[in-house]
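Before any comments, here is the structure.
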Amino acid sequence: SQQGEEDPQALSIQEGENATMNCSYKTSINNLQWYRQNSGRGLVHLILIRSNEREKHSGRLRVTLDTSKKSSSLLITASRAADTASYFCATDKFQGAQKLVFGQGTRLTINP
Amino acid sequence: DGGITQSPKYLFRKEGQNVTLSCEQNLNHDAMYWYRQDPGQGLRLIYYSQIVNDFQKGDIAEGYSVSREKKESFPLTVTSAQKNPTAFYLCASSITTGGYGYTFGSGTRLTVV
């Protein structure tokens, strides 16, 4: 069952610009996480935001969470070619065990 | 370095054959997970385990089996009952108590020939 829906499905921007990806989900969550996946590789954990938090920063990443709208956004500032990857949001409903449910992902391309 | 090792990186399966994908972690994580990823898609949970000798079905467990005899190891067997096994398989681990990110392996790409 897919919980998160990322928007847009694909995004192409110029190096140096900011990239914003959105994630919507359906049920109550304990936390929401963002991951990056380079082509043909495993996923890398980027950032976790808990349900009682509204904003979190990590380097060039900024994540917001609006539990009333059941949505989150990931902002990557001053993008670099190395940021080219797919980005996934994942939600943790924590029904007795942490069991992340992933969205379909946003394919981000940074053009030099 | 701590991490998760998946092997092999590429695997080819003949029709009607069972194959086993290996996943080993040295992070001392209690929980381990298997996900399947189809091209251009998100991840779907196959099986997960919170503790040794215990595991639970995920959303798409049919045609798959797992074991958890050691904390470090969580192998996945793709059986002949899985009719469309060609996919990218990802293993992950985490601290059981929740509220932490997953650590993923580098994946195994399985192709039916």
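Identifiers in this document derive from the order of the structure tokens: chains are assigned A, B, ..., residues are numbered from 1 separately in each chain, and ligands are numbered from 1 in order of occurrence.
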
Taking the chain letters and numbering used in this document, name the residues of chain B that DSSP puts in strand (DSSP E), as number ranges by chain.
B: 4-7, 10-13, 19-25, 31-37, 43-51, 54-57, 64-66, 76-78, 87-94, 103-104, 108-112

May I have the residues of chain A within 10 Å of chain B, counting only C-alpha atoms, written as a ChimeraX atom specification?
/A:1-2,4-5,9,30-35,40-50,86-90,92-94,96-107

Near B:Gly16, counting only C-alpha atoms, which residues have an atom at most 10 Å away, once you skip same-chain residues fewer than 4 positions from it, shown as a ChimeraX atom specification?
/B:79-83,112

Between atom CA of A:Glu6 and atom CA of B:Phe55, distance in Å (one decimal):
29.5 Å

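Within 7 Å of A:Met21, once only C-alpha atoms are used and residues closer than 5 positions along the same chain are dropped, the contacting residues are Asp7, Pro8, Ser73, Leu74 and Leu75 of chain A.
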
Selection near stretch 75-78 of chain B, 7 Å with only C-alpha atoms, sequence-local residues under 3 positions removed, as a ChimeraX atom specification:
/B:18-23,63-67,82

Between atom CA of A:Glu55 and atom CA of A:Ser79 - distance in Å to one decimal:
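If I compute the distance from atom CA of A:Ser79 to atom CA of A:Glu55, I get 19.7 Å.
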
Identify, on the basis of only C-alpha atoms, every residue whose closest approach to A:Lys70 does not exceed 6 Å; exclude the query and any residue fewer than 2 positions from it along the same chain; express the result as a ChimeraX atom specification.
/A:24-25,66-68

Output file for the residues above (N, CA and C atoms, as a PDB file, in the first residue's frame):
ATOM      1  N   SER A  24       2.541  13.959  -0.130  1.00  0.00           N
ATOM      2  CA  SER A  24       1.282  13.919   0.606  1.00  0.00           C
ATOM      3  C   SER A  24       1.046  12.493   1.073  1.00  0.00           C
ATOM      4  N   TYR A  25       0.377  12.350   2.204  1.00  0.00           N
ATOM      5  CA  TYR A  25       0.126  11.026   2.755  1.00  0.00           C
ATOM      6  C   TYR A  25      -1.292  10.966   3.305  1.00  0.00           C
ATOM      7  N   ASP A  66       3.363  19.513   7.513  1.00  0.00           N
ATOM      8  CA  ASP A  66       2.069  20.073   7.899  1.00  0.00           C
ATOM      9  C   ASP A  66       1.130  18.901   8.145  1.00  0.00           C
ATOM     10  N   THR A  67       0.973  18.516   9.392  1.00  0.00           N
ATOM     11  CA  THR A  67       0.155  17.343   9.704  1.00  0.00           C
ATOM     12  C   THR A  67      -1.327  17.602   9.470  1.00  0.00           C
ATOM     13  N   SER A  68      -1.755  18.869   9.513  1.00  0.00           N
ATOM     14  CA  SER A  68      -3.171  19.160   9.258  1.00  0.00           C
ATOM     15  C   SER A  68      -3.518  18.931   7.791  1.00  0.00           C
TER      16      SER A  68
END
